[in-house]
Amino acid sequence: MNIFYLYYLKMFINNFDPVAFQIFSFEIRWYSLAYIFGIIFGWLYCKKKLIKDEKLLNLFDDLIAYLIIGIIIGGRLGYVIFYNFNYYLNNFTEILMVWNGGMSFHGGLIGVVLATTIFCKKHKINSYIFLDLIALVAPIGLFLGRVANFINSELYGRETDVFWSVKFVAVDNISRHPSQIYEAIFEGLILFFLLNHFSKKDNFKNPGLISSMFLIFYSFFRFTLEFFREPDFQIGYLIYQLTLGQFISIVFFFLGIFLYFKKNEN
């Protein structure tokens, strides 16, 4: 019994190394791998399963470079502007130090939308065609990213005594919700299957509809799961004990609702 009890305790202590492997002095981190494999798996899924038109296949390959730039620049600037503006205002050169952490999903989303819009205008194609495809595979990256957050002991949950709680030893000795895993499940796995289920029914007949559903479902999941997540220490809670992430999610939720009804008018 004592051996089993000790094993049980060890199962819920997070002491992972954020470095996946090291080549000489060059570190490869799990978070970087999450971005890389999220893009690769999303690209392959689109190419092998979703895109049937030969022209779109060729254009999608060219779009990937735009998306990578949009994700990195948008994600970084989103974090700087939304979550830590005063710090970076006084430490301007650190904005470029992406390897030190600090990326915003909503910033990355804006970056992807802008990059896709620019690309599609250049090639004279409806941007919602590609935005719908991106929405269908984005949960893959979200899943891997949240798992990487868990490994890094970042974006951790609030204090709890539930039996599946986790102690992030790099943070403190408090039992917390594994909120990163909650988000990986809902914003990753469940969102992926929901959107792909609806895409089969719609069959891409109404470009923009899947994008609107992504905004709606993701924002709902994110808003709800933020109740289990510790707010950013430099911001804390805002009015009504809600976090900044929740307020941003509300904005994107209503953008999704607006887009949904706009597309259903056609």
# chains A, B, ... in the order shown; residues from 1 in each chain; ligands from 1

$ select_by_dssp --residues "range 98-251 of chain A" --states "alpha helix (DSSP H)" --output "ChimeraX atom specification"
/A:105-123,127-151,179-183,191-202,209-225,244-251

$ residues_around --residues "Pro178 in chain A" --least-positions-apart "4" --cutoff "10 Å" --atoms "only C-alpha atoms" --output "ChimeraX atom specification"
/A:12,14,150,153,155-160,164-168,182-183,228-229

$ write_last_selection --atoms "C-alpha atoms" --output "mmCIF file, in the first residue's frame"
data_model
loop_
_atom_site.group_PDB
_atom_site.id
_atom_site.type_symbol
_atom_site.label_atom_id
_atom_site.label_comp_id
_atom_site.auth_asym_id
_atom_site.auth_seq_id
_atom_site.Cartn_x
_atom_site.Cartn_y
_atom_site.Cartn_z
ATOM 1 C CA PHE A 12 1.084 14.096 -10.224
ATOM 2 C CA ASN A 14 5.432 17.985 -12.750
ATOM 3 C CA PHE A 150 2.315 21.794 -19.287
ATOM 4 C CA SER A 153 5.185 24.511 -16.055
ATOM 5 C CA LEU A 155 0.054 28.904 -17.788
ATOM 6 C CA TYR A 156 -0.655 26.622 -14.826
ATOM 7 C CA GLY A 157 -3.939 26.312 -13.001
ATOM 8 C CA ARG A 158 -5.353 27.697 -9.798
ATOM 9 C CA GLU A 159 -5.011 25.988 -6.444
ATOM 10 C CA THR A 160 -7.221 22.929 -5.934
ATOM 11 C CA TRP A 164 -5.865 14.820 -10.330
ATOM 12 C CA SER A 165 -4.197 18.049 -9.224
ATOM 13 C CA VAL A 166 -0.555 18.646 -10.149
ATOM 14 C CA LYS A 167 2.355 20.164 -8.245
ATOM 15 C CA PHE A 168 4.531 22.251 -10.556
ATOM 16 C CA TYR A 182 -7.892 20.904 -19.895
ATOM 17 C CA GLU A 183 -7.171 23.334 -22.725
ATOM 18 C CA PHE A 228 -9.331 27.048 -13.732
ATOM 19 C CA ARG A 229 -6.195 28.909 -14.858
#

$ residues_around --residues "range 247-252 of chain A" --least-positions-apart "4" --cutoff "7 Å" --atoms "only C-alpha atoms" --output "MDAnalysis selection string"
chainID A and resid 215 219 222:223 243 256

$ write_last_selection --atoms "C-alpha atoms" --output "CSV table (one decimal), in the first residue's frame"
chain,number,residue,atom,x,y,z
A,215,LEU,CA,-14.1,31.6,-33.2
A,219,SER,CA,-13.7,31.5,-27.4
A,222,ARG,CA,-11.1,29.5,-23.5
A,223,PHE,CA,-13.5,31.7,-21.5
A,243,THR,CA,-9.0,37.7,-16.6
A,256,GLY,CA,-17.6,34.7,-34.5

$ select_by_dssp --residues "range 31-175 of chain A" --states "strand (DSSP E)" --output "count of residues only"
4

$ atom_distance --atom1 "CA of Ser25 in chain A" --atom2 "CA of Val98 in chain A"
17.9 Å

$ closest_atom_pairs --of "range 152-203 of chain A" --to "range 101-118 of chain A" --cutoff "12 Å" --atoms "only C-alpha atoms" --output "CSV"
residue,atom,partner,partner_atom,distance
A:Asn152,CA,A:Gly101,CA,10.3
A:Glu154,CA,A:Gly101,CA,9.9
A:Leu155,CA,A:Gly102,CA,10.8
A:Glu187,CA,A:Phe105,CA,11.5

$ write_last_selection --atoms "N, CA and C atoms" --output "compact mmCIF listing (two decimals), in the first residue's frame"
# COMPACT_ATOMS: atom_id res chain seq x y z
N ASN A 152 6.43 22.85 -19.70
CA ASN A 152 7.20 24.03 -19.28
C ASN A 152 6.78 24.57 -17.92
N GLU A 154 4.12 26.32 -17.28
CA GLU A 154 3.65 27.69 -17.50
C GLU A 154 2.15 27.66 -17.79
N LEU A 155 1.51 28.81 -17.62
CA LEU A 155 0.05 28.90 -17.79
C LEU A 155 -0.66 27.85 -16.93
N GLU A 187 -9.66 22.75 -26.38
CA GLU A 187 -9.28 23.63 -27.48
C GLU A 187 -8.54 22.86 -28.57

$ residues_around --residues "Phe214 in chain A" --least-positions-apart "5" --cutoff "8 Å" --atoms "only C-alpha atoms" --output "number ranges by chain"
A: 135-136, 191, 195, 256

$ closest_residue --among "A:Leu144, A:Leu225, A:Leu59, A:Ile95" --to "Ile36 in chain A" --atoms "only C-alpha atoms"
A:Leu144

$ atom_distance --atom1 "CA of Ala34 in chain A" --atom2 "CA of Phe143 in chain A"
8.7 Å

$ residues_around --residues "Leu133 in chain A" --least-positions-apart "3" --cutoff "9 Å" --atoms "only C-alpha atoms" --output "ChimeraX atom specification"
/A:46,50-51,128-130,136-138,210-211

$ atom_distance --atom1 "CA of Asp132 in chain A" --atom2 "CA of Leu209 in chain A"
7.5 Å

$ residues_around --residues "Gly188 in chain A" --least-positions-apart "4" --cutoff "7 Å" --atoms "only C-alpha atoms" --output "list in words"
Pro139, Ile140, Leu142, Phe143, Glu183, Ala184 and Phe192 of chain A

$ closest_residue --among "A:Ile28, A:Phe16, A:Glu230, A:Tyr35" --to "Arg176 in chain A" --atoms "only C-alpha atoms"
A:Glu230

$ decode --residues "range 91-112 of chain A" --atoms "N, CA and C atoms" --output "PDB file, in the first residue's frame"
ATOM      1  N   ASN A  91      11.821  47.836 -21.981  1.00  0.00           N
ATOM      2  CA  ASN A  91      12.842  46.868 -22.398  1.00  0.00           C
ATOM      3  C   ASN A  91      12.592  46.502 -23.858  1.00  0.00           C
ATOM      4  N   PHE A  92      12.660  47.507 -24.693  1.00  0.00           N
ATOM      5  CA  PHE A  92      12.219  47.385 -26.076  1.00  0.00           C
ATOM      6  C   PHE A  92      12.958  46.295 -26.841  1.00  0.00           C
ATOM      7  N   THR A  93      14.248  46.151 -26.608  1.00  0.00           N
ATOM      8  CA  THR A  93      15.040  45.176 -27.383  1.00  0.00           C
ATOM      9  C   THR A  93      14.631  43.737 -27.083  1.00  0.00           C
ATOM     10  N   GLU A  94      14.011  43.512 -25.933  1.00  0.00           N
ATOM     11  CA  GLU A  94      13.614  42.148 -25.569  1.00  0.00           C
ATOM     12  C   GLU A  94      12.404  41.649 -26.359  1.00  0.00           C
ATOM     13  N   ILE A  95      11.762  42.547 -27.096  1.00  0.00           N
ATOM     14  CA  ILE A  95      10.638  42.122 -27.938  1.00  0.00           C
ATOM     15  C   ILE A  95      11.092  41.055 -28.932  1.00  0.00           C
ATOM     16  N   LEU A  96      12.324  41.184 -29.401  1.00  0.00           N
ATOM     17  CA  LEU A  96      12.848  40.236 -30.391  1.00  0.00           C
ATOM     18  C   LEU A  96      13.262  38.902 -29.772  1.00  0.00           C
ATOM     19  N   MET A  97      13.355  38.827 -28.460  1.00  0.00           N
ATOM     20  CA  MET A  97      13.838  37.616 -27.798  1.00  0.00           C
ATOM     21  C   MET A  97      12.696  36.617 -27.585  1.00  0.00           C
ATOM     22  N   VAL A  98      12.200  36.091 -28.685  1.00  0.00           N
ATOM     23  CA  VAL A  98      11.067  35.162 -28.641  1.00  0.00           C
ATOM     24  C   VAL A  98      11.416  33.897 -27.867  1.00  0.00           C
ATOM     25  N   TRP A  99      12.694  33.516 -27.899  1.00  0.00           N
ATOM     26  CA  TRP A  99      13.121  32.284 -27.213  1.00  0.00           C
ATOM     27  C   TRP A  99      12.958  32.364 -25.701  1.00  0.00           C
ATOM     28  N   ASN A 100      12.768  33.568 -25.166  1.00  0.00           N
ATOM     29  CA  ASN A 100      12.552  33.714 -23.725  1.00  0.00           C
ATOM     30  C   ASN A 100      11.091  33.509 -23.343  1.00  0.00           C
ATOM     31  N   GLY A 101      10.246  33.228 -24.341  1.00  0.00           N
ATOM     32  CA  GLY A 101       8.835  32.996 -24.058  1.00  0.00           C
ATOM     33  C   GLY A 101       8.007  34.254 -24.227  1.00  0.00           C
ATOM     34  N   GLY A 102       6.693  34.054 -24.285  1.00  0.00           N
ATOM     35  CA  GLY A 102       5.779  35.176 -24.419  1.00  0.00           C
ATOM     36  C   GLY A 102       5.131  35.242 -25.783  1.00  0.00           C
ATOM     37  N   MET A 103       4.100  34.402 -25.988  1.00  0.00           N
ATOM     38  CA  MET A 103       3.341  34.405 -27.242  1.00  0.00           C
ATOM     39  C   MET A 103       1.853  34.420 -26.891  1.00  0.00           C
ATOM     40  N   SER A 104       1.095  35.155 -27.672  1.00  0.00           N
ATOM     41  CA  SER A 104      -0.349  35.254 -27.455  1.00  0.00           C
ATOM     42  C   SER A 104      -1.092  34.531 -28.571  1.00  0.00           C
ATOM     43  N   PHE A 105      -2.023  33.657 -28.208  1.00  0.00           N
ATOM     44  CA  PHE A 105      -2.796  32.971 -29.237  1.00  0.00           C
ATOM     45  C   PHE A 105      -3.606  33.963 -30.055  1.00  0.00           C
ATOM     46  N   HIS A 106      -4.292  34.880 -29.379  1.00  0.00           N
ATOM     47  CA  HIS A 106      -5.135  35.831 -30.096  1.00  0.00           C
ATOM     48  C   HIS A 106      -4.305  36.729 -31.014  1.00  0.00           C
ATOM     49  N   GLY A 107      -3.093  37.080 -30.578  1.00  0.00           N
ATOM     50  CA  GLY A 107      -2.200  37.842 -31.444  1.00  0.00           C
ATOM     51  C   GLY A 107      -1.796  37.030 -32.658  1.00  0.00           C
ATOM     52  N   GLY A 108      -1.487  35.756 -32.432  1.00  0.00           N
ATOM     53  CA  GLY A 108      -1.143  34.867 -33.540  1.00  0.00           C
ATOM     54  C   GLY A 108      -2.310  34.696 -34.503  1.00  0.00           C
ATOM     55  N   LEU A 109      -3.523  34.646 -33.955  1.00  0.00           N
ATOM     56  CA  LEU A 109      -4.722  34.525 -34.783  1.00  0.00           C
ATOM     57  C   LEU A 109      -4.879  35.743 -35.690  1.00  0.00           C
ATOM     58  N   ILE A 110      -4.696  36.916 -35.120  1.00  0.00           N
ATOM     59  CA  ILE A 110      -4.776  38.141 -35.923  1.00  0.00           C
ATOM     60  C   ILE A 110      -3.695  38.139 -36.999  1.00  0.00           C
ATOM     61  N   GLY A 111      -2.485  37.702 -36.631  1.00  0.00           N
ATOM     62  CA  GLY A 111      -1.389  37.628 -37.585  1.00  0.00           C
ATOM     63  C   GLY A 111      -1.691  36.682 -38.733  1.00  0.00           C
ATOM     64  N   VAL A 112      -2.299  35.539 -38.426  1.00  0.00           N
ATOM     65  CA  VAL A 112      -2.661  34.558 -39.455  1.00  0.00           C
ATOM     66  C   VAL A 112      -3.734  35.126 -40.387  1.00  0.00           C
TER      67      VAL A 112
END
